[in-house]
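Asker: My questions all concern the structure below.
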Amino acid sequence: MQIGIVGLPLSGKTTLFQTLAHTHLDEAAMHRQQANIVTVKVPDPRVDALAEVFKPRKKSYTSIEFVDVVGLKKGDRDSTQFTQGFLANVKTNDALIHVVRRWDDPQYPHPEGSLDPVRDIRILETEFILSDLSMIENRIERIRKQLLKAKDERLVYELHILEKGKVWLEEERPLRTLSLDPTEKKVVKGFQFLSEKPLLALLNMQDDDIGEHDAAVEAVRRAYDGSGLEVDAFFGKIEMELAQLPDEDAEAFMAEYGIKESALSRIIASAYRSLGLISFLTCGDEECRAWTLRDGASVHEAAGVIHTDLMQRFIRAEVVHFDDFMRYGSIAACKEHGHWRLEGKEYIVRDGDIILIRHN
């Protein structure tokens, strides 16, 4: 999974990237034309807890790739359109984090002249909608020309979906809020529409606003109610310092500032919610591991995530939930209390399920 970090100039998106990457970028790295990319392990205390029980040779976590998207620089807002290079860079991401400035510093004036998170989110959303609308209009025109030459049911079906999307965008609504059935979603997904991507607006707060971040987040949520937008906050300067500390010092630092959870943990949780993802677990003497799966997927699909052979040769799955396993302490005890079970390929996996695939 790849998540792009975007934002208006001087919003703090590179600060967020450095926080997530637990690194400090020099001036050359911050101003180069290529994107900065880091792969981050997803913290999962359930893997650690299972490892304490099974003492495996290896622990493995799922991972997320964060990309500090390049292409949007100071001056781009002088025109009505963002650079095509920026929009092209955003297309390849599975989800987006929009870093929204909520800190004030006279040395670094906001490019729009004032602090207004709701306006800043709208700027980016509007550009994404306009980009998608242009793409849809061009595709509709090409399809209609093709249909004049020969009837093609697949093109007729695609045209119907795109016309539905066009109306939605003309009403200034992002495609992520358009209701589509699974088959229609597959058609839309192939276009990599920008306003269809899950979007997390992350308010970059200043240090002395720690007690106000809940109210700030709620105000933005109310303004974008029904837009499919996730909203959260982080304290860029503090959390970048926090990311450079050893774990024990970081915990003390967080307690001092009243920060309950690291930026990485909060962002990953929001990303999973917006992308509709869950984690399931496998464990044993060799390895305890977390795997990423689409919410609502079957255990047969989960087998395929582990290995295609397991999906092809699937017989049944042994399933127990992590909470039940930790409550009773062993598979045998879970069996005794009726929390261990055999499931067929149609079983829908829950977040935190521990799964063992039986196969021929």
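Chain labels follow the order of the structure tokens: the first chain is A, the next B, and so on; residue numbering restarts at 1 in every chain, and ligands are counted from 1 in their shown order.
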Can you list every residue of range 47-142 of chain A that has an atom at most 10 Å from range 225-246 of chain A, with its nearest atom pair and the distance in Å to one decimal, using only C-alpha atoms, ordered by chain then number, as CSV?
Answerer:
residue,atom,partner,partner_atom,distance
A:Ile97,CA,A:Glu230,CA,9.3
A:His98,CA,A:Val231,CA,9.5
A:Val99,CA,A:Ala233,CA,9.1
A:Val100,CA,A:Ala233,CA,9.0
A:Arg101,CA,A:Gly236,CA,9.9
A:Arg102,CA,A:Ala233,CA,9.5
A:Trp103,CA,A:Phe235,CA,9.2
A:Ile121,CA,A:Leu229,CA,10.0
Asker: Could you give me, as CSV, every range 81-188 of chain A residue with an atom at most 12 Å from range 275-293 of chain A, plus its closest atom pair and distance in Å to one decimal, counting only C-alpha atoms, rows ordered by chain then number?
Answerer:
residue,atom,partner,partner_atom,distance
A:Asn93,CA,A:Leu275,CA,11.8
A:Asp94,CA,A:Leu275,CA,8.2
A:Ala95,CA,A:Leu275,CA,7.3
A:Leu96,CA,A:Leu275,CA,10.2
A:Arg176,CA,A:Leu275,CA,10.8
Asker: Any chance you could export the current selection's C-alpha atoms as a PDB file, in the first residue's frame?
Answerer:
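Wrote result_7.pdb, looks like this:
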ATOM      1  CA  ASN A  93      -0.875   6.473  -4.800  1.00  0.00           C
ATOM      2  CA  ASP A  94      -3.502   4.207  -3.174  1.00  0.00           C
ATOM      3  CA  ALA A  95      -4.474   6.916  -0.674  1.00  0.00           C
ATOM      4  CA  LEU A  96      -3.486  10.485   0.158  1.00  0.00           C
ATOM      5  CA  ARG A 176     -15.146   8.703  -3.277  1.00  0.00           C
TER       6      ARG A 176
END
Asker: Please, which residues of range 99-262 of chain A, numbered as in this document, come out strand (DSSP E or B) from DSSP, as a PyMOL selection string?
Answerer: chain A and resi 99-102+199-205+229-234
Asker: For His339 in chain A, work out the shell of residues within 7 Å, counting only C-alpha atoms and skipping chain neighbours fewer than 4 positions away, then give it as a ChimeraX atom specification.
Answerer: /A:320,324,334-335
Asker: Find the spatial neighbours of Gln2 in chain A, counting only C-alpha atoms, within a cut-off of 12 Å - ignore same-chain residues fewer than 6 positions away - and output them as a list in words.
Answerer: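 So the residues in contact are Ile37, Val38, Thr39, Val40, Ser63, Ile64, Glu65, Phe66, Val67, Asp68, Val69, Val90, Lys91, Thr92, Asn93, Asp94, Ala95, Leu96, Ile97, Lys197, Pro198, Ile268, Ala271, Tyr272 and Leu275 of chain A.
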Asker: What does the distance between CA of Ala219 in chain A and CA of Val118 in chain A come to in Å, to one decimal place?
Answerer: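 Distance reported for this atom pair: 8.8 Å.
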Asker: Mind checking which residues fall within 12 Å of range 141-157 of chain A, counting only C-alpha atoms, ignoring those fewer than 4 positions away in the same chain, and posting them as a PyMOL selection string?
Answerer: chain A and resi 134-137+161-164+183-184+187-188
Asker: DSSP says helix (DSSP H, G or I) for which residues of range 162-260 of chain A? Put them as a ChimeraX atom specification?
Answerer: /A:162-170,175-177,182-189,207-223,236-243,247-257
Asker: Given only C-alpha atoms as the basis, pick out the residue of A:Asp323, A:Asp351, A:Glu346, A:Asp120 nearest to Ala49 in chain A.
Answerer: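 Ranking A:Asp323, A:Asp351, A:Glu346, A:Asp120 by distance to Ala49 in chain A, first place goes to A:Asp323.
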Asker: I'd like the contact shell of Ala317 in chain A - 7 Å cut-off, only C-alpha atoms, skipping same-chain residues fewer than 6 positions apart - returned as a list in words.
Answerer: Leu342, Glu343, Gly344, Ile355, Leu356, Ile357 and Arg358 of chain A
Asker: So the first atom is CA of Arg173 in chain A and the second is CA of Gln84 in chain A; what is the distance between them in Å, to one decimal place?
Answerer: 21.3 Å
